[in-house]
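**Q** Got a structure for you, query.pdb, holding PDB, C-alpha atoms (C1' of nucleotides).
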MODEL        1
ATOM      1  CA  MET A 184     -55.710 -35.450  -6.717
ATOM      2  CA  ALA A 185     -54.847 -36.433 -10.278
ATOM      3  CA  LYS A 186     -52.922 -33.944 -12.319
ATOM      4  CA  ARG A 187     -53.791 -33.174 -15.877
ATOM      5  CA  LYS A 188     -50.675 -33.176 -17.928
ATOM      6  CA  SER A 189     -51.494 -33.638 -21.553
ATOM      7  CA  ALA A 190     -52.916 -31.025 -23.852
ATOM      8  CA  ALA A 191     -55.686 -33.444 -24.725
ATOM      9  CA  THR A 192     -57.263 -33.307 -21.269
ATOM     10  CA  ARG A 193     -56.415 -29.711 -20.502
ATOM     11  CA  LYS A 194     -59.291 -27.382 -19.763
ATOM     12  CA  TYR A 195     -59.621 -23.699 -20.430
ATOM     13  CA  TRP A 196     -60.985 -20.923 -18.252
ATOM     14  CA  LEU A 197     -61.360 -17.188 -17.998
ATOM     15  CA  PHE A 198     -60.604 -15.384 -14.751
ATOM     16  CA  LYS A 199     -61.725 -11.805 -14.199
ATOM     17  CA  SER A 200     -59.845  -9.269 -12.186
ATOM     18  CA  GLU A 201     -60.178  -5.556 -11.823
ATOM     19  CA  PRO A 202     -56.708  -4.278 -12.718
ATOM     20  CA  SER A 203     -56.963  -1.663  -9.979
ATOM     21  CA  CYS A 204     -57.056  -4.660  -7.652
ATOM     22  CA  TYR A 205     -54.719  -7.089  -9.430
ATOM     23  CA  SER A 206     -53.553  -6.743 -13.020
ATOM     24  CA  ILE A 207     -51.521  -8.745 -15.502
ATOM     25  CA  ASP A 208     -48.609  -6.444 -14.679
ATOM     26  CA  ASP A 209     -48.862  -7.491 -11.058
ATOM     27  CA  LEU A 210     -48.764 -11.118 -12.165
ATOM     28  CA  GLU A 211     -45.769 -10.387 -14.384
ATOM     29  CA  ARG A 212     -44.028  -8.920 -11.344
ATOM     30  CA  ASP A 213     -45.037 -11.829  -9.075
ATOM     31  CA  GLY A 214     -44.640 -14.668 -11.575
ATOM     32  CA  THR A 215     -47.029 -16.822  -9.577
ATOM     33  CA  THR A 216     -49.963 -15.850  -7.395
ATOM     34  CA  PHE A 217     -52.908 -17.276  -5.502
ATOM     35  CA  TRP A 218     -56.269 -16.309  -6.973
ATOM     36  CA  ASP A 219     -58.053 -15.226  -3.805
ATOM     37  CA  GLY A 220     -61.275 -13.440  -3.077
ATOM     38  CA  VAL A 221     -63.782 -15.429  -5.133
ATOM     39  CA  ARG A 222     -67.005 -15.332  -3.113
ATOM     40  CA  ASN A 223     -69.541 -16.952  -5.375
ATOM     41  CA  TYR A 224     -70.616 -20.577  -5.002
ATOM     42  CA  GLN A 225     -70.669 -21.449  -8.672
ATOM     43  CA  ALA A 226     -67.161 -20.085  -9.116
ATOM     44  CA  ARG A 227     -66.081 -21.736  -5.879
ATOM     45  CA  ASN A 228     -67.198 -25.124  -7.147
ATOM     46  CA  MET A 229     -65.053 -24.724 -10.241
ATOM     47  CA  LEU A 230     -62.030 -23.640  -8.198
ATOM     48  CA  ARG A 231     -62.479 -26.493  -5.740
ATOM     49  CA  ASP A 232     -63.542 -29.334  -8.008
ATOM     50  CA  GLU A 233     -62.730 -28.737 -11.642
ATOM     51  CA  ILE A 234     -59.722 -26.531 -12.208
ATOM     52  CA  GLN A 235     -56.500 -28.550 -12.335
ATOM     53  CA  PRO A 236     -52.784 -27.966 -12.770
ATOM     54  CA  GLY A 237     -51.963 -27.599 -16.434
ATOM     55  CA  ASP A 238     -55.273 -25.919 -17.218
ATOM     56  CA  ARG A 239     -55.005 -22.633 -19.064
ATOM     57  CA  VAL A 240     -56.570 -19.332 -18.121
ATOM     58  CA  LEU A 241     -57.458 -16.160 -20.003
ATOM     59  CA  PHE A 242     -56.722 -13.171 -17.756
ATOM     60  CA  TYR A 243     -59.493 -10.600 -18.212
ATOM     61  CA  HIS A 244     -59.401  -7.024 -16.980
ATOM     62  CA  SER A 245     -62.908  -6.074 -15.874
ATOM     63  CA  ASN A 246     -64.149  -2.640 -14.886
ATOM     64  CA  ALA A 247     -61.197  -1.124 -16.667
ATOM     65  CA  ASP A 248     -60.218   1.101 -19.539
ATOM     66  CA  PRO A 249     -60.001  -0.743 -21.751
ATOM     67  CA  MET A 250     -61.765  -3.913 -20.706
ATOM     68  CA  ALA A 251     -59.658  -6.616 -22.284
ATOM     69  CA  ILE A 252     -58.096 -10.043 -22.154
ATOM     70  CA  ALA A 253     -54.601  -9.025 -21.149
ATOM     71  CA  GLY A 254     -52.828 -12.352 -21.339
ATOM     72  CA  THR A 255     -52.810 -15.937 -20.191
ATOM     73  CA  CYS A 256     -51.732 -17.995 -17.238
ATOM     74  CA  GLU A 257     -51.429 -21.625 -16.233
ATOM     75  CA  VAL A 258     -52.853 -23.279 -13.150
ATOM     76  CA  VAL A 259     -50.017 -24.629 -11.006
ATOM     77  CA  LYS A 260     -51.860 -25.653  -7.829
ATOM     78  CA  PRO A 261     -55.370 -27.100  -7.538
ATOM     79  CA  GLY A 262     -58.101 -25.784  -5.240
ATOM     80  CA  TYR A 263     -57.228 -25.218  -1.600
ATOM     81  CA  PRO A 264     -58.837 -23.080   1.123
ATOM     82  CA  ASP A 265     -58.705 -19.323   0.586
ATOM     83  CA  HIS A 266     -57.108 -18.100   3.804
ATOM     84  CA  THR A 267     -58.131 -14.482   3.189
ATOM     85  CA  ALA A 268     -61.664 -15.507   4.185
ATOM     86  CA  PHE A 269     -60.404 -15.987   7.752
ATOM     87  CA  ASP A 270     -58.463 -12.740   7.963
ATOM     88  CA  PRO A 271     -60.492  -9.882   9.476
ATOM     89  CA  ALA A 272     -58.018  -7.423   7.964
ATOM     90  CA  SER A 273     -58.661  -8.708   4.443
ATOM     91  CA  ASP A 274     -61.091  -7.091   2.017
ATOM     92  CA  HIS A 275     -62.318 -10.607   1.320
ATOM     93  CA  TYR A 276     -62.941 -11.525   4.947
ATOM     94  CA  ASP A 277     -66.012 -13.686   5.496
ATOM     95  CA  ALA A 278     -67.043 -13.727   9.141
ATOM     96  CA  LYS A 279     -69.244 -16.749   8.568
ATOM     97  CA  SER A 280     -66.561 -19.008   7.142
ATOM     98  CA  ASN A 281     -64.809 -21.513   9.355
ATOM     99  CA  PRO A 282     -61.164 -22.633   8.954
ATOM    100  CA  ASP A 283     -62.140 -26.165   9.978
ATOM    101  CA  LYS A 284     -64.717 -26.316   7.226
ATOM    102  CA  PRO A 285     -63.635 -23.862   4.552
ATOM    103  CA  THR A 286     -66.258 -22.329   2.328
ATOM    104  CA  TRP A 287     -64.017 -20.518  -0.127
ATOM    105  CA  PHE A 288     -61.241 -21.895  -2.302
ATOM    106  CA  MET A 289     -58.513 -20.642  -4.566
ATOM    107  CA  VAL A 290     -55.920 -21.964  -7.004
ATOM    108  CA  ASP A 291     -52.404 -20.814  -7.845
ATOM    109  CA  VAL A 292     -51.570 -19.539 -11.317
ATOM    110  CA  LYS A 293     -48.376 -18.506 -13.067
ATOM    111  CA  LEU A 294     -48.054 -16.085 -15.935
ATOM    112  CA  LEU A 295     -47.825 -17.709 -19.332
ATOM    113  CA  LYS A 296     -48.031 -14.760 -21.657
ATOM    114  CA  LYS A 297     -48.782 -11.087 -21.396
ATOM    115  CA  PHE A 298     -50.305 -10.028 -24.706
ATOM    116  CA  LYS A 299     -48.367  -7.184 -26.325
ATOM    117  CA  GLN A 300     -51.727  -5.949 -27.527
ATOM    118  CA  PRO A 301     -54.588  -6.750 -25.105
ATOM    119  CA  VAL A 302     -57.671  -8.086 -26.869
ATOM    120  CA  THR A 303     -60.330  -5.559 -25.992
ATOM    121  CA  ARG A 304     -63.927  -6.387 -25.268
ATOM    122  CA  GLU A 305     -64.831  -4.378 -28.335
ATOM    123  CA  VAL A 306     -62.688  -6.610 -30.520
ATOM    124  CA  LEU A 307     -64.004  -9.755 -28.819
ATOM    125  CA  LYS A 308     -67.567  -8.693 -29.558
ATOM    126  CA  GLU A 309     -66.812  -8.296 -33.230
ATOM    127  CA  CYS A 310     -65.317 -11.777 -33.544
ATOM    128  CA  GLU A 311     -67.587 -14.253 -35.277
ATOM    129  CA  ALA A 312     -66.080 -17.225 -33.414
ATOM    130  CA  LEU A 313     -66.844 -15.692 -30.010
ATOM    131  CA  GLN A 314     -70.533 -14.939 -30.364
ATOM    132  CA  ASP A 315     -71.456 -17.536 -27.714
ATOM    133  CA  MET A 316     -68.696 -16.683 -25.271
ATOM    134  CA  MET A 317     -70.008 -16.478 -21.714
ATOM    135  CA  LEU A 318     -68.059 -13.299 -21.049
ATOM    136  CA  LEU A 319     -69.985 -11.454 -23.738
ATOM    137  CA  ARG A 320     -73.441 -12.478 -22.607
ATOM    138  CA  LYS A 321     -75.508  -9.745 -21.070
ATOM    139  CA  GLY A 322     -75.448  -9.773 -17.290
ATOM    140  CA  SER A 323     -72.654 -12.342 -17.137
ATOM    141  CA  ARG A 324     -71.107 -11.755 -13.730
ATOM    142  CA  LEU A 325     -69.302 -15.001 -12.975
ATOM    143  CA  SER A 326     -65.662 -14.193 -12.237
ATOM    144  CA  ILE A 327     -64.523 -17.716 -13.142
ATOM    145  CA  GLN A 328     -65.844 -19.018 -16.438
ATOM    146  CA  PRO A 329     -65.230 -22.066 -18.596
ATOM    147  CA  VAL A 330     -63.882 -21.375 -22.069
ATOM    148  CA  THR A 331     -63.935 -23.743 -25.038
ATOM    149  CA  VAL A 332     -60.765 -24.681 -26.874
ATOM    150  CA  GLU A 333     -62.185 -22.945 -29.944
ATOM    151  CA  GLU A 334     -62.635 -19.747 -27.944
ATOM    152  CA  TRP A 335     -59.112 -20.098 -26.557
ATOM    153  CA  GLN A 336     -57.756 -20.366 -30.078
ATOM    154  CA  ALA A 337     -59.876 -17.516 -31.420
ATOM    155  CA  VAL A 338     -58.635 -15.180 -28.693
ATOM    156  CA  HIS A 339     -55.024 -16.056 -29.520
ATOM    157  CA  LYS A 340     -55.679 -15.401 -33.173
ATOM    158  CA  LEU A 341     -57.009 -11.959 -32.269
ATOM    159  CA  ALA A 342     -53.957 -11.362 -30.104
ATOM    160  CA  GLY A 343     -51.688 -12.360 -32.968
ATOM    161  CA  VAL A 344     -50.118 -15.034 -30.811
ATOM    162  CA  LYS A 345     -49.730 -18.779 -31.284
ATOM    163  CA  ALA A 346     -52.158 -20.677 -29.029
TER
ATOM    164  C1'  DG B 186     -90.520 -22.637   0.114
ATOM    165  C1'  DC B 187     -91.770 -18.158  -1.655
ATOM    166  C1'  DC B 188     -90.481 -13.734  -2.818
ATOM    167  C1'  DA B 189     -89.511  -8.761  -1.881
ATOM    168  C1'  DA B 190     -85.762  -6.083  -0.478
ATOM    169  C1'  DC B 191     -81.233  -5.312  -0.692
ATOM    170  C1'  DG B 192     -76.245  -5.345  -2.070
ATOM    171  C1'  DT B 193     -72.901  -6.197  -5.666
ATOM    172  C1'  DT B 194     -71.042  -6.629 -10.242
ATOM    173  C1'  DG B 195     -69.642  -4.643 -14.127
ATOM    174  C1'  DG B 196     -70.821  -2.841 -18.829
ATOM    175  C1'  DC B 197     -72.224   1.323 -20.736
TER
ATOM    176  C1'  DG C 500     -72.846   8.022 -12.595
ATOM    177  C1'  DC C 501     -76.473   4.978 -14.081
ATOM    178  C1'  DC C 502     -78.753   0.863 -13.966
ATOM    179  C1'  DA C 503     -79.779  -4.092 -15.429
ATOM    180  C1'  DA C 504     -78.756  -8.544 -14.026
ATOM    181  C1'  DC C 505     -77.865 -11.446 -10.597
ATOM    182  C1'  DG C 506     -77.072 -13.562  -5.882
ATOM    183  C1'  DT C 507     -78.205 -13.415  -1.083
ATOM    184  C1'  DT C 508     -80.966 -12.482   2.905
ATOM    185  C1'  DG C 509     -84.692 -12.745   5.845
ATOM    186  C1'  DG C 510     -89.680 -12.296   6.950
ATOM    187  C1'  DC C 511     -93.597 -14.831   6.460
TER
ENDMDL
END
For this file, produce the structure as structure tokens.
**A**
Amino acid sequence: MAKRKSAATRKYWLFKSEPSCYSIDDLERDGTTFWDGVRNYQARNMLRDEIQPGDRVLFYHSNADPMAIAGTCEVVKPGYPDHTAFDPASDHYDAKSNPDKPTWFMVDVKLLKKFKQPVTREVLKECEALQDMMLLRKGSRLSIQPVTVEEWQAVHKLAGVKA
DNA sequence: GCCAACGTTGGC
DNA sequence: GCCAACGTTGGC
């Protein structure tokens, strides 16, 4: 699998997590983690086929107070089978999935930056440059979403951080 | 292949 | 806690 190394070919994404499940503070503690538990085919396809080492990720806290982009991370390992699907003890267990023919995939990410001031959903909604952002569309439930470079930059501007 | 019923997500 | 949007399931 070819690695993306240059900024020119880098892609940008947004990953959602409920902080009660896994937060940016957990990632700060761990440094690197595997992004398990995605059980949606559209998101799976991105994890398996599109997301590459060197790609950048906005870390979004969903179902939280406040809902916010809490920081960023970098993909360090491309898609590989999500072993939690085979573990009956896991919350993400999928009885129908088969280790010989994995259905669900995950990637590894490492923390890049925890924003000192998380960029809240409220602030995102007010930003002119983010009016088309998938995250802000009504009924948008995908937990893995593509982000444009312009959106990536706009979020950093709001965070007061160099992109 | 259609579609109603159901379960989940996630903002409000 | 509510409920709209969405994905999945299963009967036909």
**Q** Name the residues that the PyMOL selection byres ((chain C) within 8 of (chain A)) pulls out of this structure, and write them as a PDB file with C-alpha atoms (C1' of nucleotides), in the coordinates of the input.
**A**
ATOM      1  C1'  DA C 503     -79.779  -4.092 -15.429  1.00  0.00           C
ATOM      2  C1'  DA C 504     -78.756  -8.544 -14.026  1.00  0.00           C
ATOM      3  C1'  DC C 505     -77.865 -11.446 -10.597  1.00  0.00           C
TER       4       DC C 505
END
**Q** Tell me, as number ranges by chain, which residues lie within 12 Å of DC501 in chain C, counting all atoms listed in the file; anything in the same chain fewer than 6 positions away does not count.
**A** B: 195-197
**Q** Output C-alpha atoms (C1' of nucleotides) for every residue in that selection, as a PDB file, in the frame of the given file.
**A**
ATOM      1  C1'  DG B 195     -69.642  -4.643 -14.127  1.00  0.00           C
ATOM      2  C1'  DG B 196     -70.821  -2.841 -18.829  1.00  0.00           C
ATOM      3  C1'  DC B 197     -72.224   1.323 -20.736  1.00  0.00           C
TER       4       DC B 197
END
**Q** Could you work out an axis-aligned box for range 329-341 of chain A, taking every atom the file lists and adding 5 Å on each side, and report centre and edge lengths in Å to one decimal, as lines of an AutoDock Vina configuration file?
**A**
center_x = -60.1
center_y = -18.3
center_z = -25.9
size_x = 20.2
size_y = 22.7
size_z = 24.6
**Q** Measure the distance from CA of Ala251 in chain A to CA of Glu305 in chain A in Å and round it to one decimal.
**A** 8.3 Å
**Q** Enumerate, as a list in words, the protein, DNA and RNA residues whose atoms approach (-75.8, -10.5, -4.9) to within 8 Å, taking into account all atoms listed in the file and the coordinate frame of the file.
**A**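 The requested residues, written out, are DG192 and DT193 of chain B; DC505, DG506 and DT507 of chain C.
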**Q** Every residue with an atom at most 10 Å from (-63.8, -11.5, 1.7) (file coordinates; all atoms listed in the file) is what I'm after, so could you write them as a list in words?
**A**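 Residues satisfying the cut-off, written out: Asp219, Gly220, Val221, Arg222, Asp265, His266, Thr267, Ala268, Phe269, Asp270, Pro271, Ala272, Ser273, Asp274, His275, Tyr276, Asp277, Ala278, Ser280 and Trp287 of chain A.
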**Q** To one decimal place, how far is CA of Lys308 in chain A from CA of Met229 in chain A in Å?
**A**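 Those two atoms sit 25.2 Å apart.
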**Q** Skipping near chain neighbours, those fewer than 4 positions away, what residues fall within 7 Å of range 337-346 of chain A using only C-alpha atoms (C1' of nucleotides), listed as a ChimeraX atom specification?
**A** /A:298,300-302,312,333
**Q** Calculate how many Å separate CA of Lys297 in chain A from CA of Tyr263 in chain A, rounding to one decimal.
**A**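 Atom-to-atom, CA of Lys297 in chain A and CA of Tyr263 in chain A are spaced 25.7 Å apart.
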**Q** Go through A:Asn281, A:Ser326, A:Thr331, A:Gln314 one by one, measure the shortest atom-to-atom distance of each to Asp238 in chain A using only C-alpha atoms, and give the residue with the smallest value.
**A**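 That would be A:Thr331, the residue with the smallest distance to Asp238 in chain A.
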